[in-house]
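Source file entry-v1.tsv; content: TSV, C-alpha atoms.
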```tsv
chain	number	residue	atom	x	y	z
A	24	MET	CA	38.39	-5.45	-8.75
A	25	ALA	CA	40.23	-8.75	-8.47
A	26	SER	CA	37.67	-10.01	-5.97
A	27	VAL	CA	34.82	-9.19	-8.38
A	28	VAL	CA	36.52	-11.12	-11.20
A	29	THR	CA	37.15	-14.05	-8.88
A	30	GLU	CA	33.53	-14.01	-7.78
A	31	LYS	CA	32.30	-13.98	-11.38
A	32	ARG	CA	34.64	-16.83	-12.26
A	33	ALA	CA	33.44	-18.93	-9.33
A	34	LYS	CA	29.82	-18.22	-10.18
A	35	ALA	CA	30.21	-19.15	-13.86
A	36	PHE	CA	32.03	-22.38	-13.04
A	37	ALA	CA	29.51	-23.29	-10.35
A	38	HIS	CA	26.65	-23.10	-12.85
A	39	LEU	CA	28.61	-25.20	-15.34
A	40	ASP	CA	29.73	-27.76	-12.75
A	41	GLU	CA	26.27	-28.17	-11.28
A	42	ALA	CA	24.33	-28.18	-14.57
A	43	ARG	CA	22.05	-31.12	-15.25
A	44	LEU	CA	23.10	-33.57	-17.93
A	45	GLY	CA	21.44	-32.27	-21.09
A	46	TRP	CA	21.37	-32.13	-24.86
A	47	PHE	CA	24.38	-29.87	-25.24
A	48	HIS	CA	26.41	-32.35	-23.20
A	49	LEU	CA	25.17	-35.12	-25.50
A	50	ARG	CA	26.21	-33.11	-28.53
A	51	ALA	CA	29.69	-32.60	-27.10
A	52	VAL	CA	30.03	-36.34	-26.48
A	53	LEU	CA	28.80	-37.24	-29.99
A	54	VAL	CA	30.99	-34.69	-31.77
A	55	SER	CA	34.07	-35.81	-29.84
A	56	GLY	CA	33.12	-39.50	-29.95
A	57	VAL	CA	32.78	-39.57	-33.72
A	58	GLY	CA	36.38	-38.38	-33.89
A	59	PHE	CA	37.58	-41.17	-31.61
A	60	PHE	CA	35.54	-43.64	-33.70
A	61	ALA	CA	37.36	-42.46	-36.83
A	62	ASP	CA	40.71	-42.47	-35.00
A	63	ALA	CA	40.49	-46.14	-34.05
A	64	TYR	CA	39.05	-47.18	-37.40
A	65	ASP	CA	41.82	-45.46	-39.36
A	66	ILE	CA	44.64	-46.70	-37.12
A	67	PHE	CA	43.74	-50.39	-36.89
A	68	VAL	CA	42.15	-51.05	-40.28
A	69	ILE	CA	45.65	-51.29	-41.77
A	70	SER	CA	46.11	-54.66	-40.05
A	71	GLN	CA	43.61	-56.22	-42.44
A	72	CYS	CA	44.70	-54.16	-45.46
A	73	LEU	CA	48.33	-55.27	-45.54
A	74	PRO	CA	47.76	-58.98	-46.42
A	75	MET	CA	45.77	-57.82	-49.46
A	76	ILE	CA	48.38	-55.26	-50.46
A	77	TYR	CA	51.14	-57.88	-50.27
A	78	GLN	CA	48.97	-60.29	-52.24
A	79	VAL	CA	48.28	-57.80	-55.03
A	80	TYR	CA	51.55	-55.89	-55.35
A	81	TYR	CA	54.23	-58.44	-54.52
A	82	SER	CA	53.53	-61.35	-56.84
A	83	ASN	CA	51.11	-63.18	-54.59
A	84	THR	CA	53.92	-63.95	-52.17
A	85	ASP	CA	51.54	-63.86	-49.22
A	86	ASN	CA	49.77	-67.04	-50.26
A	87	MET	CA	51.35	-68.68	-53.30
A	88	GLY	CA	54.83	-69.55	-54.46
A	89	THR	CA	57.49	-72.23	-54.80
A	90	TYR	CA	60.39	-73.50	-52.79
A	91	PRO	CA	63.39	-71.15	-52.73
A	92	ALA	CA	65.55	-71.79	-55.78
A	93	GLN	CA	68.43	-73.36	-53.87
A	94	TYR	CA	66.20	-76.01	-52.30
A	95	VAL	CA	64.73	-79.17	-53.79
A	96	ASN	CA	61.67	-80.95	-52.46
A	97	SER	CA	62.62	-84.13	-50.64
A	98	SER	CA	59.01	-85.12	-49.87
A	99	ALA	CA	57.94	-87.68	-52.43
A	100	GLY	CA	54.83	-86.98	-54.43
A	101	ILE	CA	54.52	-83.32	-53.48
A	102	SER	CA	54.47	-80.67	-56.19
A	103	ASP	CA	57.02	-77.89	-55.98
A	104	THR	CA	54.31	-75.29	-56.65
A	105	ILE	CA	52.30	-74.86	-53.47
A	106	HIS	CA	50.40	-72.31	-51.41
A	107	TYR	CA	52.32	-70.98	-48.46
A	108	LEU	CA	53.21	-68.04	-46.31
A	109	PRO	CA	56.87	-67.32	-47.07
A	110	THR	CA	59.36	-66.18	-44.49
A	111	GLN	CA	61.86	-64.79	-46.99
A	112	ALA	CA	62.30	-61.05	-47.36
A	113	LEU	CA	60.26	-58.87	-49.70
A	114	SER	CA	62.86	-56.81	-51.54
A	115	ILE	CA	61.06	-53.47	-51.38
A	116	TRP	CA	63.56	-51.23	-49.63
A	117	SER	CA	67.09	-52.54	-49.93
A	118	SER	CA	68.07	-50.59	-46.83
A	119	LEU	CA	65.64	-52.67	-44.77
A	120	GLY	CA	65.71	-55.92	-46.68
A	121	ASN	CA	63.15	-57.61	-44.46
A	122	ASN	CA	59.38	-57.65	-44.80
A	123	ILE	CA	58.94	-57.87	-41.03
A	124	HIS	CA	60.62	-54.49	-40.63
A	125	LEU	CA	58.62	-53.05	-43.52
A	126	ASP	CA	55.40	-54.32	-42.06
A	127	ALA	CA	56.26	-52.87	-38.65
A	128	MET	CA	57.26	-49.48	-40.07
A	129	LEU	CA	54.04	-49.10	-42.01
A	130	LYS	CA	51.92	-50.01	-39.00
A	131	ALA	CA	53.93	-47.72	-36.72
A	132	SER	CA	53.91	-44.73	-39.09
A	133	THR	CA	50.50	-43.60	-37.83
A	134	ASN	CA	51.67	-43.75	-34.22
A	135	TRP	CA	54.73	-41.67	-35.03
A	136	GLY	CA	52.41	-39.07	-36.48
A	137	ASN	CA	50.26	-39.39	-33.35
A	138	LEU	CA	53.14	-38.23	-31.18
A	139	ILE	CA	53.70	-35.10	-33.26
A	140	GLY	CA	49.97	-34.37	-33.47
A	141	GLN	CA	49.41	-34.68	-29.73
A	142	LEU	CA	52.30	-32.41	-28.84
A	143	GLY	CA	51.55	-29.88	-31.59
A	144	PHE	CA	47.79	-29.61	-31.17
A	145	GLY	CA	48.07	-29.76	-27.40
A	146	TYR	CA	50.36	-26.74	-27.41
A	147	LEU	CA	48.35	-24.82	-30.02
A	148	GLY	CA	45.09	-25.61	-28.26
A	149	ASP	CA	46.43	-23.88	-25.15
A	150	LYS	CA	48.08	-21.07	-27.07
A	151	LEU	CA	45.37	-20.18	-29.63
A	152	GLY	CA	42.26	-21.68	-28.08
A	153	ARG	CA	40.31	-24.90	-28.42
A	154	LYS	CA	37.83	-23.47	-30.92
A	155	LYS	CA	40.45	-22.23	-33.38
A	156	MET	CA	42.14	-25.64	-33.57
A	157	TYR	CA	39.14	-27.97	-33.23
A	158	GLY	CA	38.19	-29.33	-36.64
A	159	ILE	CA	41.57	-28.75	-38.28
A	160	GLU	CA	42.74	-32.18	-37.13
A	161	LEU	CA	39.72	-33.76	-38.83
A	162	ILE	CA	40.52	-31.96	-42.09
A	163	ILE	CA	44.05	-33.41	-41.93
A	164	MET	CA	42.55	-36.86	-41.31
A	165	ILE	CA	40.13	-36.53	-44.25
A	166	VAL	CA	42.82	-35.50	-46.73
A	167	SER	CA	45.24	-38.19	-45.50
A	168	ALA	CA	42.60	-40.94	-45.54
A	169	ILE	CA	41.66	-40.08	-49.13
A	170	GLY	CA	45.35	-40.05	-50.06
A	171	SER	CA	45.84	-43.46	-48.42
A	172	ALA	CA	42.88	-44.97	-50.29
A	173	LEU	CA	44.18	-43.65	-53.62
A	174	SER	CA	47.82	-44.58	-53.04
A	175	ALA	CA	49.65	-46.01	-56.02
A	176	PRO	CA	53.27	-46.98	-56.77
A	177	ALA	CA	55.41	-44.93	-59.11
A	178	ALA	CA	56.92	-46.53	-62.19
A	179	ARG	CA	60.31	-45.14	-61.16
A	180	GLY	CA	60.37	-44.19	-57.51
A	181	PHE	CA	58.30	-44.88	-54.44
A	182	ASP	CA	56.43	-48.17	-54.25
A	183	ILE	CA	52.98	-48.65	-52.72
A	184	VAL	CA	54.32	-49.29	-49.21
A	185	THR	CA	56.38	-46.09	-49.24
A	186	VAL	CA	53.46	-43.98	-50.46
A	187	LEU	CA	51.16	-45.49	-47.82
A	188	PHE	CA	53.80	-44.87	-45.16
A	189	ILE	CA	53.84	-41.14	-45.99
A	190	TRP	CA	50.06	-40.73	-46.12
A	191	ARG	CA	49.50	-42.66	-42.90
A	192	PHE	CA	52.13	-40.63	-41.09
A	193	PHE	CA	50.15	-37.45	-41.79
A	194	LEU	CA	46.96	-39.31	-40.94
A	195	GLY	CA	48.56	-39.97	-37.55
A	196	VAL	CA	49.24	-36.25	-37.08
A	197	GLY	CA	45.53	-35.57	-37.43
A	198	ILE	CA	44.59	-38.45	-35.14
A	199	GLY	CA	47.14	-37.32	-32.57
A	200	GLY	CA	45.63	-33.84	-32.66
A	201	ASP	CA	42.16	-35.25	-32.04
A	202	TYR	CA	43.16	-37.04	-28.84
A	203	PRO	CA	43.94	-34.02	-26.64
A	204	MET	CA	41.44	-31.66	-28.29
A	205	SER	CA	38.39	-33.93	-27.97
A	206	ALA	CA	39.25	-35.04	-24.44
A	207	VAL	CA	39.83	-31.48	-23.18
A	208	ILE	CA	36.74	-30.00	-24.82
A	209	THR	CA	34.50	-32.77	-23.46
A	210	SER	CA	35.99	-32.35	-20.01
A	211	GLU	CA	35.69	-28.56	-19.97
A	212	PHE	CA	32.04	-28.57	-21.04
A	213	ALA	CA	31.10	-31.39	-18.65
A	214	ASN	CA	29.56	-31.02	-15.22
A	215	VAL	CA	31.28	-32.47	-12.19
A	216	ARG	CA	28.95	-35.41	-11.65
A	217	TYR	CA	29.07	-36.82	-15.18
A	218	ARG	CA	32.53	-35.71	-16.33
A	219	GLY	CA	34.06	-39.19	-15.98
A	220	MET	CA	31.12	-40.84	-17.71
A	221	MET	CA	31.24	-38.39	-20.62
A	222	LEU	CA	34.96	-38.91	-21.14
A	223	ALA	CA	34.55	-42.68	-20.91
A	224	ALA	CA	31.79	-42.58	-23.52
A	225	VAL	CA	34.03	-40.61	-25.89
A	226	PHE	CA	36.92	-43.05	-25.52
A	227	ALA	CA	34.58	-46.05	-25.81
A	228	MET	CA	33.84	-45.08	-29.41
A	229	GLN	CA	37.29	-46.46	-30.25
A	230	GLY	CA	35.98	-49.96	-29.65
A	231	ILE	CA	33.06	-49.34	-32.02
A	232	GLY	CA	35.49	-48.06	-34.65
A	233	ILE	CA	37.58	-51.24	-34.45
A	234	LEU	CA	34.44	-53.40	-34.69
A	235	VAL	CA	33.16	-51.50	-37.72
A	236	GLY	CA	36.53	-52.02	-39.42
A	237	GLY	CA	36.00	-55.79	-39.31
A	238	VAL	CA	32.39	-55.42	-40.48
A	239	VAL	CA	33.47	-53.29	-43.46
A	240	PHE	CA	35.97	-55.96	-44.54
A	241	VAL	CA	33.43	-58.78	-44.20
A	242	ALA	CA	30.80	-56.84	-46.16
A	243	THR	CA	33.22	-55.76	-48.90
A	244	LEU	CA	34.77	-59.21	-49.27
A	245	SER	CA	31.32	-60.82	-49.42
A	246	TYR	CA	30.21	-58.47	-52.18
A	247	MET	CA	33.47	-58.84	-54.11
A	248	LYS	CA	33.72	-62.64	-53.78
A	249	PRO	CA	32.78	-63.54	-57.39
A	250	TYR	CA	35.14	-60.87	-58.70
A	251	ILE	CA	37.99	-62.02	-56.45
A	252	ASP	CA	37.47	-65.66	-57.45
A	253	ASN	CA	37.69	-64.58	-61.07
A	254	ASP	CA	40.69	-62.30	-60.61
A	255	ILE	CA	42.69	-62.14	-57.38
A	256	TYR	CA	43.81	-58.60	-58.20
A	257	ASN	CA	40.30	-57.35	-57.42
A	258	LEU	CA	41.47	-57.45	-53.82
A	259	ASP	CA	42.97	-54.06	-54.68
A	260	TYR	CA	39.46	-52.60	-54.51
A	261	VAL	CA	38.74	-54.14	-51.11
A	262	TRP	CA	41.53	-52.54	-49.11
A	263	ARG	CA	41.03	-49.18	-50.85
A	264	ILE	CA	37.32	-49.18	-50.02
A	265	ALA	CA	38.13	-50.05	-46.40
A	266	LEU	CA	40.58	-47.15	-46.07
A	267	GLY	CA	38.17	-44.79	-47.83
A	268	VAL	CA	35.28	-45.57	-45.47
A	269	GLY	CA	37.29	-43.92	-42.70
A	270	VAL	CA	36.60	-40.57	-44.37
A	271	ILE	CA	32.84	-40.77	-43.76
A	272	PRO	CA	32.67	-40.22	-39.96
A	273	ALA	CA	35.25	-37.44	-40.17
A	274	VAL	CA	33.23	-35.60	-42.83
A	275	VAL	CA	30.06	-35.96	-40.74
A	276	ALA	CA	31.69	-34.39	-37.67
A	277	VAL	CA	33.83	-31.65	-39.21
A	278	TYR	CA	31.05	-29.01	-39.49
A	279	PHE	CA	30.00	-29.43	-35.86
A	280	ARG	CA	33.59	-29.16	-34.71
A	281	LEU	CA	34.21	-25.98	-36.65
A	282	THR	CA	31.07	-24.40	-35.14
A	283	ILE	CA	31.52	-25.53	-31.55
A	284	PRO	CA	32.09	-22.61	-29.15
A	285	GLU	CA	35.13	-21.86	-27.09
A	286	THR	CA	34.94	-23.53	-23.70
A	287	PRO	CA	34.04	-21.13	-20.85
A	288	ARG	CA	36.89	-22.47	-18.75
A	289	TYR	CA	39.43	-21.47	-21.41
A	290	THR	CA	37.71	-18.10	-21.84
A	291	VAL	CA	38.13	-17.38	-18.13
A	292	ASP	CA	41.48	-18.95	-17.27
A	293	VAL	CA	43.45	-18.11	-20.42
A	294	VAL	CA	41.61	-15.29	-22.23
A	295	GLY	CA	40.47	-13.69	-19.00
A	296	ASP	CA	37.03	-12.57	-20.22
A	297	THR	CA	34.76	-13.52	-17.33
A	298	ASP	CA	31.77	-11.61	-18.73
A	299	LYS	CA	31.80	-13.59	-21.97
A	300	ALA	CA	32.32	-16.82	-20.06
A	301	GLU	CA	29.20	-16.06	-18.02
A	302	ARG	CA	27.20	-15.50	-21.21
A	303	ASP	CA	28.58	-18.72	-22.71
A	304	VAL	CA	27.60	-20.72	-19.66
A	305	GLU	CA	24.07	-19.32	-19.94
A	306	LYS	CA	23.97	-20.47	-23.58
A	307	VAL	CA	25.17	-23.94	-22.62
A	308	LEU	CA	22.42	-24.19	-20.00
A	309	ALA	CA	19.84	-22.95	-22.52
A	310	LEU	CA	20.93	-25.41	-25.23
A	311	ASN	CA	20.86	-28.22	-22.68
A	312	ALA	CA	17.09	-27.85	-22.66
A	313	VAL	CA	16.76	-27.92	-26.48
A	314	ARG	CA	15.99	-31.47	-27.63
A	315	ASP	CA	18.25	-31.23	-30.67
A	316	VAL	CA	21.89	-32.24	-30.70
A	317	THR	CA	22.40	-30.41	-34.02
A	318	SER	CA	21.40	-26.99	-32.63
A	319	ASN	CA	23.97	-24.37	-33.51
A	320	TRP	CA	25.63	-21.96	-31.12
A	321	GLY	CA	24.72	-18.96	-33.20
A	322	SER	CA	26.91	-15.90	-33.74
A	323	GLU	CA	30.18	-16.11	-31.94
A	324	GLN	CA	31.50	-13.07	-30.10
A	325	VAL	CA	35.23	-12.83	-29.80
A	326	ALA	CA	36.62	-12.37	-26.33
A	327	ILE	CA	38.68	-9.23	-26.16
A	328	THR	CA	40.07	-9.21	-22.63
A	329	LYS	CA	43.46	-10.80	-22.30
A	330	VAL	CA	45.33	-12.01	-19.26
A	331	THR	CA	48.96	-12.81	-18.92
A	332	VAL	CA	49.48	-16.52	-18.53
A	333	LYS	CA	52.73	-17.25	-16.78
A	334	SER	CA	55.04	-19.46	-18.77
A	335	ASN	CA	56.07	-21.41	-15.69
A	336	ASP	CA	52.52	-22.26	-14.59
A	337	PHE	CA	53.00	-25.87	-15.63
A	338	GLY	CA	56.29	-26.15	-13.79
A	339	SER	CA	55.04	-24.51	-10.64
A	340	TYR	CA	51.94	-26.69	-10.48
A	341	PHE	CA	53.62	-30.01	-11.22
A	342	GLY	CA	56.66	-29.02	-9.22
A	343	LYS	CA	54.67	-30.17	-6.21
A	344	TRP	CA	54.99	-33.90	-5.63
A	345	SER	CA	51.29	-34.22	-4.75
A	346	HIS	CA	50.43	-33.11	-8.29
A	347	LEU	CA	53.38	-34.68	-10.10
A	348	LYS	CA	52.72	-38.19	-8.78
A	349	VAL	CA	49.19	-38.09	-10.19
A	350	LEU	CA	50.55	-37.09	-13.61
A	351	ILE	CA	53.21	-39.81	-13.53
A	352	GLY	CA	50.71	-42.44	-12.47
A	353	ALA	CA	48.21	-41.53	-15.18
A	354	ALA	CA	50.87	-41.17	-17.89
A	355	TYR	CA	52.59	-44.46	-17.08
A	356	SER	CA	49.27	-46.30	-16.98
A	357	TRP	CA	48.47	-45.10	-20.50
A	358	PHE	CA	52.01	-45.85	-21.65
A	359	ALA	CA	51.92	-49.44	-20.37
A	360	LEU	CA	48.42	-50.00	-21.73
A	361	ASP	CA	49.24	-48.67	-25.18
A	362	ILE	CA	52.33	-50.85	-25.60
A	363	ALA	CA	50.18	-53.95	-25.26
A	364	TRP	CA	47.02	-52.60	-26.90
A	365	TYR	CA	48.59	-51.05	-30.00
A	366	GLY	CA	51.05	-53.91	-30.35
A	367	LEU	CA	48.30	-56.53	-30.32
A	368	SER	CA	45.66	-54.61	-32.26
A	369	LEU	CA	47.95	-53.49	-35.08
A	370	ASN	CA	49.17	-57.06	-35.50
A	371	GLN	CA	45.84	-58.77	-34.89
A	372	SER	CA	45.60	-60.28	-38.37
A	373	THR	CA	49.17	-61.54	-38.07
A	374	ILE	CA	48.42	-63.14	-34.71
A	375	LEU	CA	45.29	-64.79	-36.10
A	376	GLY	CA	47.47	-66.32	-38.81
A	377	LEU	CA	50.07	-67.53	-36.31
A	378	ILE	CA	47.43	-69.32	-34.24
A	379	ASN	CA	46.03	-70.71	-37.50
A	380	PHE	CA	42.59	-69.20	-37.01
A	381	ASN	CA	42.24	-68.23	-40.64
A	382	GLY	CA	42.66	-71.51	-42.46
A	383	PRO	CA	43.57	-75.19	-42.46
A	384	ALA	CA	46.57	-76.58	-40.66
A	385	LYS	CA	49.97	-75.97	-42.17
A	386	ILE	CA	51.73	-78.93	-43.71
A	387	LYS	CA	55.45	-79.27	-43.02
A	388	PHE	CA	57.85	-80.38	-45.75
A	389	THR	CA	61.55	-81.10	-45.59
A	390	ALA	CA	63.81	-79.80	-48.35
A	391	LYS	CA	67.55	-79.99	-49.02
A	392	ASP	CA	69.91	-77.16	-49.83
A	393	ILE	CA	71.58	-78.06	-53.13
A	394	ALA	CA	74.87	-76.37	-52.19
A	395	THR	CA	75.30	-77.60	-48.62
A	396	ASN	CA	73.04	-80.66	-48.66
A	397	ALA	CA	71.57	-79.33	-45.41
A	398	THR	CA	67.91	-79.97	-44.75
A	399	LYS	CA	65.35	-77.35	-43.83
A	400	THR	CA	61.70	-77.61	-42.85
A	401	PHE	CA	59.12	-75.35	-44.48
A	402	SER	CA	55.52	-74.84	-43.34
A	403	PHE	CA	53.01	-74.53	-46.16
A	404	TYR	CA	49.27	-74.31	-46.42
A	405	ASP	CA	47.40	-77.04	-48.19
A	406	PRO	CA	47.41	-76.46	-51.98
A	407	ASN	CA	43.62	-76.18	-51.98
A	408	VAL	CA	43.53	-73.10	-49.76
A	409	ASN	CA	41.41	-70.33	-51.26
A	410	VAL	CA	42.84	-66.83	-50.85
A	411	TYR	CA	39.37	-65.33	-50.37
A	412	ASP	CA	38.57	-67.73	-47.52
A	413	TYR	CA	41.92	-67.01	-45.94
A	414	LEU	CA	41.27	-63.24	-45.84
A	415	TYR	CA	37.58	-63.58	-44.96
A	416	GLN	CA	38.43	-65.62	-41.88
A	417	ARG	CA	40.87	-62.94	-40.75
A	418	ALA	CA	38.07	-60.36	-40.92
A	419	ILE	CA	35.75	-62.64	-38.95
A	420	GLY	CA	38.46	-63.12	-36.33
A	421	ASN	CA	38.82	-59.36	-35.92
A	422	ILE	CA	35.07	-59.01	-35.35
A	423	ILE	CA	35.05	-61.80	-32.75
A	424	ILE	CA	37.88	-60.17	-30.80
A	425	ALA	CA	36.18	-56.76	-30.93
A	426	CYS	CA	32.84	-58.19	-29.74
A	427	ALA	CA	34.40	-60.40	-27.07
A	428	GLY	CA	36.83	-57.90	-25.57
A	429	THR	CA	37.32	-54.44	-27.07
A	430	VAL	CA	33.73	-53.14	-27.22
A	431	PRO	CA	32.39	-54.56	-23.92
A	432	GLY	CA	35.64	-53.70	-22.17
A	433	TYR	CA	35.27	-50.02	-23.04
A	434	TRP	CA	31.59	-49.66	-22.22
A	435	VAL	CA	31.64	-51.72	-19.04
A	436	ALA	CA	34.47	-49.55	-17.76
```
Just dump the structure as structure tokens.
Amino acid sequence: MASVVTEKRAKAFAHLDEARLGWFHLRAVLVSGVGFFADAYDIFVISQCLPMIYQVYYSNTDNMGTYPAQYVNSSAGISDTIHYLPTQALSIWSSLGNNIHLDAMLKASTNWGNLIGQLGFGYLGDKLGRKKMYGIELIIMIVSAIGSALSAPAARGFDIVTVLFIWRFFLGVGIGGDYPMSAVITSEFANVRYRGMMLAAVFAMQGIGILVGGVVFVATLSYMKPYIDNDIYNLDYVWRIALGVGVIPAVVAVYFRLTIPETPRYTVDVVGDTDKAERDVEKVLALNAVRDVTSNWGSEQVAITKVTVKSNDFGSYFGKWSHLKVLIGAAYSWFALDIAWYGLSLNQSTILGLINFNGPAKIKFTAKDIATNATKTFSFYDPNVNVYDYLYQRAIGNIIIACAGTVPGYWVA
């Protein structure tokens, strides 16, 4: 009996592994890729949102202000009221007391959620099945993205940064769930020859998502220019529209994810229903010949045969050094890459400001501390700097970086 089951399993997998690249494979790549597109868009769009949020909600401190009260201007002929990027703290959370920490926490909140989402959905995907979990992560992303776009401060309670922090943490849970689910489903439906290419295509959609984020900001700022010039607080619409656009790709993909079938490999190796897996492989091969990526799987039969999966399978497999070293190598490579990639991409707008891409050169002024008579040098932007131009150039810079490195880097690889 065991030999018959083994033979059926080998036969089913052989047909799947040797199948020609077809329309069902394309559908799997598109459905998974749209999720990765939305993941990257939602994660990195916050870099361009924050300067606008600080501008609107914290008394224009990102671009306009005066010398600190205890200093007097010692540069003759220069007005005390000037445009500048202050280095003093934004008093939002007294426990933090520093806008650099606030800025970092808000940007990192999505990644913290990512960790929980990856671990949680990875476990549940193995425990309950890929099909039962696939699509739920997108629903979490949709709700959280809408909540982020509609965030508002309370009159007595949480401010805008706190509310955004909470929503983007849950957004990260959904994004974290999408990473393992999409990658595994694409891999398990793929044939041997094109498995690497299919996975690379799915991951490459992250670069497109980052590029589209910059395009959305340029388009929205261009449309809103007369309104922003008339009232700087119209920037509040811009960052909300940008966050809200992230809902669109998730909504497009959610139906196809909820209707995607269970992978035959899971049906065999975890559920233990080789007969159903054989039928599913036949359906995959049939749909591969249908020139329609929207074709539905049809009625779904529930696998009824169960096998006992040993709880120490993971330990026994990776207990062998030949397997463990591959896992360590792959995991560390991603770890090292993500430190640099997330660190740079989440702070891209900040870096563009530091290299002075987004405006005229800073002008340095020397001021004296009234109490100690000590001098201090401040760097300010020219008084004629326009806030709209300042933010527009940041968006252009993000597009240039995406076109020059992120997008071609993904697809060439």
Nearest candidate to A:Ser70 (options A:Gly219, A:Gly136, A:Gly376, A:Gly197; using all atoms listed in the file):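 With all atoms listed in the file as the atom set, the closest residue is A:Gly376.
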Selection: 9 Å around A:Ile66, only C-alpha atoms, excl. self and same-chain fewer than 3 positions, as JSON, numbers by chain: {"A": [61, 62, 63, 69, 70, 130, 133, 134, 191, 194, 195, 198, 233, 369]}
Can you build me a table of stretch 208-272 of chain A residues sitting at most 10 Å from stretch 405-426 of chain A, with the closest atom pair per residue and its distance in Å to one decimal, using all atoms listed in the file, sorted by chain and residue number, as a Markdown table?
```
| residue | atom | partner | partner_atom | distance |
| --- | --- | --- | --- | --- |
| A:Gly230 | CA | A:Ala425 | CA | 6.9 |
| A:Ile231 | CA | A:Ala425 | CA | 8.1 |
| A:Gly232 | CA | A:Ala425 | CA | 9.5 |
| A:Ile233 | CA | A:Ala425 | CA | 6.7 |
| A:Leu234 | CA | A:Ala425 | CA | 5.3 |
| A:Val235 | CA | A:Ile422 | CA | 8.1 |
| A:Gly236 | CA | A:Ile422 | CA | 8.2 |
| A:Gly237 | CA | A:Ile422 | CA | 5.2 |
| A:Val238 | CA | A:Ile422 | CA | 6.8 |
| A:Val239 | CA | A:Ala418 | CA | 8.8 |
| A:Phe240 | CA | A:Ala418 | CA | 6.1 |
| A:Val241 | CA | A:Ala418 | CA | 5.9 |
| A:Ala242 | CA | A:Ala418 | CA | 9.6 |
| A:Thr243 | CA | A:Tyr415 | CA | 9.8 |
| A:Leu244 | CA | A:Tyr415 | CA | 6.8 |
| A:Ser245 | CA | A:Tyr415 | CA | 8.2 |
| A:Met247 | CA | A:Tyr411 | CA | 9.5 |
| A:Lys248 | CA | A:Tyr411 | CA | 7.1 |
| A:Pro249 | CA | A:Tyr411 | CA | 9.8 |
| A:Ile251 | CA | A:Tyr411 | CA | 7.1 |
| A:Asp252 | CA | A:Tyr411 | CA | 7.3 |
| A:Ile255 | CA | A:Val410 | CA | 8.0 |
| A:Leu258 | CA | A:Tyr411 | CA | 8.9 |
```
Nearest to A:Val166, chosen from A:Gly180, A:Gly267, A:Pro74, A:Gly140, with only C-alpha atoms counted in the distances: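 Result for the nearest residue to A:Val166: A:Gly267.
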Pairwise distance for atom CA of A:Tyr146 and atom CA of A:Ile162, rounded to one decimal in Å: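 These atoms are spaced 18.4 Å apart.
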Which residue of A:Ala172, A:Gly428, A:Val435, A:Tyr278 approaches A:Trp364 most closely, using all atoms listed in the file: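 Comparing A:Ala172, A:Gly428, A:Val435, A:Tyr278 against A:Trp364, the winner is A:Gly428.
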